Amino acid sequence: MPIIQMQDVLDAYAFIKPLIRPTSLDLSSNLSKRVGRQVFLKHENEQLTGSFKIRGALNKLRSLNVSEKKAGVVACSAGNHAQGVAFGASTMGITSHIVMPNSAPIIKVEATKGYGAKVYLHGEIFDETLQRAHELEKEHGYIFVHPYEDPKIVAGQATIGLELSQHAMDWDSIIVPVGGGGLISGISFVLKQMFPKIKIIGVQSDQAPGMTQKFQGEHVEPKKKSATIADGIAVKSTSPWIFENFISKYVDEMVTVTDDEISDAMVFLLERSKTVTEGSGAAGVAALFHRKLDIGEKTCVVLSGGNIDLNTVSKVIEKGLLHKGRLAALSVVVDDLPGNLNRLTKTIADLRANVMEVHHDRIAQGLSLRETKIDFVLETRSFDHIQEIRAAIAALGGKLI
Ligand SMILES: Cc1ncc(COP(=O)(O)O)c(C=O)c1O
C-alpha cells in the first residue's frame with residue numbers, strides 16, 4: 001500500500017486550487033534551440049509566494065483539526081517553505097512561528113514576516129534550524145510542519161504532477177530540483193502512475209548532494225556547512241522516508257550541478273526567456289545544459305522558485321557575463337606619462353568595447369616609480385573580442401597583468 005494515494009492528491013488539489021495561482025507551462029523555443037530537443041518549462045517561480053512550497057503547506061494546514069489549528073504551527077526553512085506556511089497559515093487564520101537559518105536571504109526573511117509569521121533566526125545550516133523548530137514545538141505545543149517528510153506535504157507538491165499530467169502524455173522525461181525531496185516525490189508519484197515510461201531526473205547542488213549519493217549507493221557524509229547559490233535545495237541530511245517511499249521507487253536518475261552552472265542557467269533564463277529564477281529554481285536548466293542527460297525528444301523542466309534578492313541577481317548577471325566573454329576585467333601597467341591613459345581608452349573605443357569602470361592606481365604593489373596601473377571593466381562581445389583588445393593594448397606597450 002503506497003504511503004499516499006492518488007485520491008489524496010486529488011483531494012489536496014480540490015482544496016488548494018482556488019487558493020493558488022495556475023502557473024504557466026510553455027514550450028521554450030530558446031531552450032529547445034540550445035539543446036536540440038523540445039523543452040517545456042513549468043513556471044512555479046510564478047506561484048504565489050514565489051515557489052511551489054505553498055501547495056504542500058496549504059494541504060498540511062487543511063489537515064489539522066480545530067485544536068491543532070488553535071495551537072498554531074511551527075516550521076523551519078531557508079525561506080520558501082517558510083513563506084508557504086506563513087502565507088497559508090494567515091489565509092486560514094492560524095498563527096505561525098518560523099525558524100530560519102542566520103544566512104537566509106533577506107528577501108525571504110522579510111517576505112515571511114510580511115505574511116504575518118513570527119520569525120526566529122537560528123543556526124548556520126538547515127539541520128540546526130530544524131532542531132530549534134522542534135524545541136519550539138515541545139516548549140509551546142505548536143504543530144510542526146515539516147518541509148518534506150510528511151505525506152500531506154508530498155501530496156500537496158504532487159498537485160504539480162496533476163497539472164503536468166494534462167500535457168505529459170508524450171514527454172520522455174522531466175527534470176526536477178531536489179532538496180529534501182518532497183517536490184520530486186510528489187511529481188514522480190503522479191507521473192509514474194499515469195505514464196510509467198517517463199524518465200524522472202532529480203538535480204541537486206554539488207554542495208548538498210546527499211540524496212544523489214544515496215541514490216547512487218554511496219556513503220553519505222553530511223557536510224558541516226554549505227555555501228551555495230541554491231539555498232532552497234541546500235539540505236544536508238537525507239530522509240530515509242523520502243528515499244524509500246518515493247525516490248528509490250519512482251526516480252530514474254540523480255545528478256548534481258555547480259554554482260557556476262546554476263548561474264549560467266539563471267542568466268540564460270533572464271536574458272532569453274525574461275524569467276527570474278532563484279538558484280534552486282534554475283538547477284534543472286543547469287543540468288540540462290551541463291550534464292549529459294538522456295532526456296529523449298521532449299522534456300519538461302520545473303522552475304521551482306523565483307525568490308532572489310536584487311543584489312544576488314546583479315552578482316549572478318556580472319558573473320554570467322564574465323563567463324560568456326561579454327564582460328572583461330583587465331589590469332594594464334603603463335609608463336606614467338601624460339597621454340597614456342588617453343591612448344589606451346582610444347584603442348579600446350576603436351575596437352568598439354565599452355568602458356564600464358576605470359581605476360587609475362600609481363601606488364599599487366610592485367610598481368616602479370615611473371609606472372602606473374589602470375584597471376578596466378569593459379563591456380565586450382566575446383572571448384575573441386577580448387583577445388583582440390589585449391593584443392592591441394600589448395602592441396601599444398601596455399603590460400597586461
Ligand atoms: C525553489 C526550490 N526548489 C526546490 C526545492 C526542493 O524541494 P524539496 O525540499 O521538496 O526537494 C526547494 C525547497 O525548499 C525550493 O525552495
# chains A, B, ... in the order shown; residues from 1 in each chain; ligands from 1
>>> select_by_dssp(residues="segment 176-396 of chain A", states="strand (DSSP E or B)", output="ChimeraX atom specification")
/A:176-177,199-205,253-257,298-303,305,327-335,354-361,371-379
>>> write_last_selection(atoms="C-alpha atoms", output="compact mmCIF listing (two decimals), in the first residue's frame")
# COMPACT_ATOMS: atom_id res chain seq x y z
CA VAL A 176 13.13 18.45 -11.02
CA PRO A 177 15.32 20.20 -8.39
CA LYS A 199 12.05 9.32 -17.01
CA ILE A 200 12.30 11.29 -13.76
CA ILE A 201 15.58 13.15 -13.26
CA GLY A 202 16.45 14.83 -9.96
CA VAL A 203 19.01 17.64 -9.64
CA GLN A 204 20.93 18.72 -6.55
CA SER A 205 23.64 21.25 -5.79
CA GLU A 253 18.48 9.42 -12.32
CA MET A 254 20.01 11.95 -9.95
CA VAL A 255 22.74 14.45 -10.87
CA THR A 256 24.46 17.42 -9.25
CA VAL A 257 25.32 20.84 -10.64
CA LYS A 298 10.61 16.00 -25.20
CA THR A 299 11.38 17.06 -21.69
CA CYS A 300 9.96 19.38 -19.07
CA VAL A 301 11.96 21.33 -16.50
CA VAL A 302 10.33 22.53 -13.31
CA LEU A 303 11.38 26.10 -12.45
CA GLY A 305 11.12 29.12 -7.37
CA LEU A 327 32.41 41.50 -19.68
CA ALA A 328 36.17 41.68 -19.10
CA ALA A 329 38.28 42.90 -16.20
CA LEU A 330 41.74 43.98 -17.44
CA SER A 331 44.65 45.43 -15.47
CA VAL A 332 47.29 47.21 -17.51
CA VAL A 333 50.64 48.65 -16.36
CA VAL A 334 51.93 51.55 -18.49
CA ASP A 335 54.57 54.27 -18.12
CA ASN A 354 32.55 49.98 -23.82
CA VAL A 355 34.40 51.15 -20.70
CA MET A 356 32.12 50.45 -17.70
CA GLU A 357 34.67 51.22 -14.97
CA VAL A 358 38.20 52.61 -14.88
CA HIS A 359 40.57 52.96 -11.94
CA HIS A 360 43.99 54.62 -12.06
CA ASP A 361 46.47 53.42 -9.41
CA GLU A 371 54.76 53.14 -13.78
CA THR A 372 51.03 53.31 -13.19
CA LYS A 373 48.35 50.62 -13.19
CA ILE A 374 44.98 51.09 -14.84
CA ASP A 375 42.12 48.69 -14.11
CA PHE A 376 39.31 48.49 -16.64
CA VAL A 377 35.96 46.75 -16.62
CA LEU A 378 34.84 46.53 -20.24
CA GLU A 379 31.66 45.51 -21.97
>>> residues_near_ligand(ligand="ligand 1", cutoff="8 Å", atoms="only C-alpha atoms and all ligand atoms", output="PyMOL selection string")
chain A and resi 45+51-53+77-81+147-148+154+157+176-185+230-233+235+278-281+303-307
>>> select_by_dssp(residues="segment 160-267 of chain A", states="helix (DSSP H, G or I)", output="MDAnalysis selection string")
chainID A and resid 160:165 168:170 182:194 210:215 231:233 240:250 259:267
>>> atom_distance(atom1="atom CA of Pro101 of chain A", atom2="atom CA of His122 of chain A")
5.0 Å
>>> residues_around(residues="Val313 of chain A", least_positions_apart="3", cutoff="9 Å", atoms="only C-alpha atoms", output="ChimeraX atom specification")
/A:266-267,276,278,308-310,316-318
>>> closest_residue(among="A:Arg326, A:Ala392, A:Thr23, A:Asp260", to="Arg343 of chain A", atoms="only C-alpha atoms")
A:Ala392
>>> residues_around(residues="Phe87 of chain A", least_positions_apart="4", cutoff="7 Å", atoms="only C-alpha atoms", output="list of chain:residue names")
A:Gln83, A:Thr91, A:Tyr115
>>> write_last_selection(atoms="C-alpha atoms", output="PDB file, in the first residue's frame")
ATOM      1  CA  GLN A  83       6.740  31.750   3.072  1.00  0.00           C
ATOM      2  CA  THR A  91      -5.021  32.737   4.899  1.00  0.00           C
ATOM      3  CA  TYR A 115       2.910  37.183   5.530  1.00  0.00           C
TER       4      TYR A 115
END
>>> closest_residue(among="A:Lys324, A:Arg62, A:Lys236, A:Arg352", to="Thr129 of chain A", atoms="only C-alpha atoms")
A:Lys236
>>> residues_around(residues="Arg37 of chain A", least_positions_apart="4", cutoff="10 Å", atoms="only C-alpha atoms", output="PDB file with N, CA, C and O atoms, in the first residue's frame")
ATOM      1  N   SER A  29      11.165  28.076 -26.795  1.00  0.00           N
ATOM      2  CA  SER A  29      11.858  27.940 -28.081  1.00  0.00           C
ATOM      3  C   SER A  29      13.358  28.164 -27.906  1.00  0.00           C
ATOM      4  O   SER A  29      14.166  27.496 -28.551  1.00  0.00           O
ATOM      5  N   LEU A  31      15.304  27.537 -25.198  1.00  0.00           N
ATOM      6  CA  LEU A  31      15.931  26.353 -24.593  1.00  0.00           C
ATOM      7  C   LEU A  31      15.937  25.190 -25.580  1.00  0.00           C
ATOM      8  O   LEU A  31      16.913  24.446 -25.674  1.00  0.00           O
ATOM      9  N   SER A  32      14.836  25.030 -26.296  1.00  0.00           N
ATOM     10  CA  SER A  32      14.733  23.918 -27.245  1.00  0.00           C
ATOM     11  C   SER A  32      15.825  24.053 -28.297  1.00  0.00           C
ATOM     12  O   SER A  32      16.479  23.074 -28.668  1.00  0.00           O
ATOM     13  N   LYS A  33      16.035  25.299 -28.754  1.00  0.00           N
ATOM     14  CA  LYS A  33      17.064  25.541 -29.765  1.00  0.00           C
ATOM     15  C   LYS A  33      18.448  25.207 -29.198  1.00  0.00           C
ATOM     16  O   LYS A  33      19.257  24.561 -29.849  1.00  0.00           O
ATOM     17  N   ILE A 295      17.483  12.704 -22.205  1.00  0.00           N
ATOM     18  CA  ILE A 295      16.156  13.289 -21.934  1.00  0.00           C
ATOM     19  C   ILE A 295      15.128  12.934 -22.996  1.00  0.00           C
ATOM     20  O   ILE A 295      13.977  13.323 -22.899  1.00  0.00           O
ATOM     21  N   GLY A 296      15.554  12.203 -24.043  1.00  0.00           N
ATOM     22  CA  GLY A 296      14.638  11.865 -25.128  1.00  0.00           C
ATOM     23  C   GLY A 296      14.343  13.091 -25.981  1.00  0.00           C
ATOM     24  O   GLY A 296      15.105  14.058 -25.989  1.00  0.00           O
ATOM     25  N   GLU A 297      13.208  13.052 -26.686  1.00  0.00           N
ATOM     26  CA  GLU A 297      12.872  14.143 -27.616  1.00  0.00           C
ATOM     27  C   GLU A 297      12.166  15.299 -26.924  1.00  0.00           C
ATOM     28  O   GLU A 297      12.252  16.437 -27.340  1.00  0.00           O
ATOM     29  N   LYS A 298      11.391  14.949 -25.868  1.00  0.00           N
ATOM     30  CA  LYS A 298      10.608  16.005 -25.200  1.00  0.00           C
ATOM     31  C   LYS A 298      10.830  15.921 -23.712  1.00  0.00           C
ATOM     32  O   LYS A 298      10.656  14.856 -23.109  1.00  0.00           O
ATOM     33  N   THR A 299      11.182  17.051 -23.136  1.00  0.00           N
ATOM     34  CA  THR A 299      11.384  17.059 -21.689  1.00  0.00           C
ATOM     35  C   THR A 299      10.685  18.265 -21.082  1.00  0.00           C
ATOM     36  O   THR A 299      10.306  19.199 -21.796  1.00  0.00           O
TER      37      THR A 299
END
>>> closest_residue(among="A:Glu218, A:Asp206, A:Asp127, A:Glu44", to="Leu25 of chain A", atoms="only C-alpha atoms")
A:Glu44
>>> residues_around(residues="Leu162 of chain A", least_positions_apart="5", cutoff="12 Å", atoms="only C-alpha atoms", output="list in words")
Met6, Gln7, Asp8, Val9, Leu10, Asp11, Ala12, Tyr13, Ala14, Lys17, Pro22, Ala155, Gly156, Gln157, His167, Ala168, Met169, Gly186, Ile187, Ser188, Phe189, Val190, Leu191, Lys192, Gln193, Met194 and Phe195 of chain A
>>> decode(residues="segment 345-362 of chain A", atoms="N, CA and C atoms", output="short mmCIF file (atom, residue, chain, number, x, y, z; two decimals), in the first residue's frame")
data_model
loop_
_atom_site.label_atom_id
_atom_site.label_comp_id
_atom_site.auth_asym_id
_atom_site.auth_seq_id
_atom_site.Cartn_x
_atom_site.Cartn_y
_atom_site.Cartn_z
N THR A 345 42.39 54.26 -23.76
CA THR A 345 40.92 54.30 -23.90
C THR A 345 40.54 54.47 -25.37
N LYS A 346 41.39 55.17 -26.15
CA LYS A 346 41.08 55.33 -27.59
C LYS A 346 41.17 53.97 -28.29
N THR A 347 42.22 53.19 -27.92
CA THR A 347 42.37 51.86 -28.53
C THR A 347 41.15 50.99 -28.23
N ILE A 348 40.72 51.07 -26.96
CA ILE A 348 39.55 50.27 -26.55
C ILE A 348 38.30 50.74 -27.31
N ALA A 349 38.15 52.05 -27.44
CA ALA A 349 36.97 52.59 -28.14
C ALA A 349 37.03 52.22 -29.62
N ASP A 350 38.22 52.27 -30.21
CA ASP A 350 38.34 51.92 -31.64
C ASP A 350 37.91 50.47 -31.89
N LEU A 351 38.14 49.62 -30.88
CA LEU A 351 37.73 48.21 -31.03
C LEU A 351 36.29 48.00 -30.58
N ARG A 352 35.59 49.07 -30.33
CA ARG A 352 34.16 49.08 -30.01
C ARG A 352 33.81 48.30 -28.74
N ALA A 353 34.70 48.41 -27.75
CA ALA A 353 34.35 47.91 -26.42
C ALA A 353 33.94 49.12 -25.58
N ASN A 354 33.08 48.88 -24.62
CA ASN A 354 32.55 49.98 -23.82
C ASN A 354 33.20 49.98 -22.44
N VAL A 355 33.77 51.10 -22.03
CA VAL A 355 34.40 51.15 -20.70
C VAL A 355 33.30 51.34 -19.64
N MET A 356 33.16 50.34 -18.75
CA MET A 356 32.12 50.45 -17.70
C MET A 356 32.72 51.05 -16.44
N GLU A 357 34.00 50.69 -16.16
CA GLU A 357 34.67 51.22 -14.97
C GLU A 357 36.13 51.42 -15.31
N VAL A 358 36.76 52.45 -14.72
CA VAL A 358 38.20 52.61 -14.88
C VAL A 358 38.78 53.13 -13.56
N HIS A 359 39.95 52.55 -13.20
CA HIS A 359 40.57 52.96 -11.94
C HIS A 359 42.06 53.12 -12.16
N HIS A 360 42.61 54.26 -11.78
CA HIS A 360 43.99 54.62 -12.06
C HIS A 360 44.76 54.52 -10.74
N ASP A 361 45.81 53.68 -10.69
CA ASP A 361 46.47 53.42 -9.41
C ASP A 361 47.99 53.59 -9.55
N ARG A 362 48.57 54.62 -8.89
CA ARG A 362 50.02 54.87 -9.02
C ARG A 362 50.81 54.16 -7.93
#
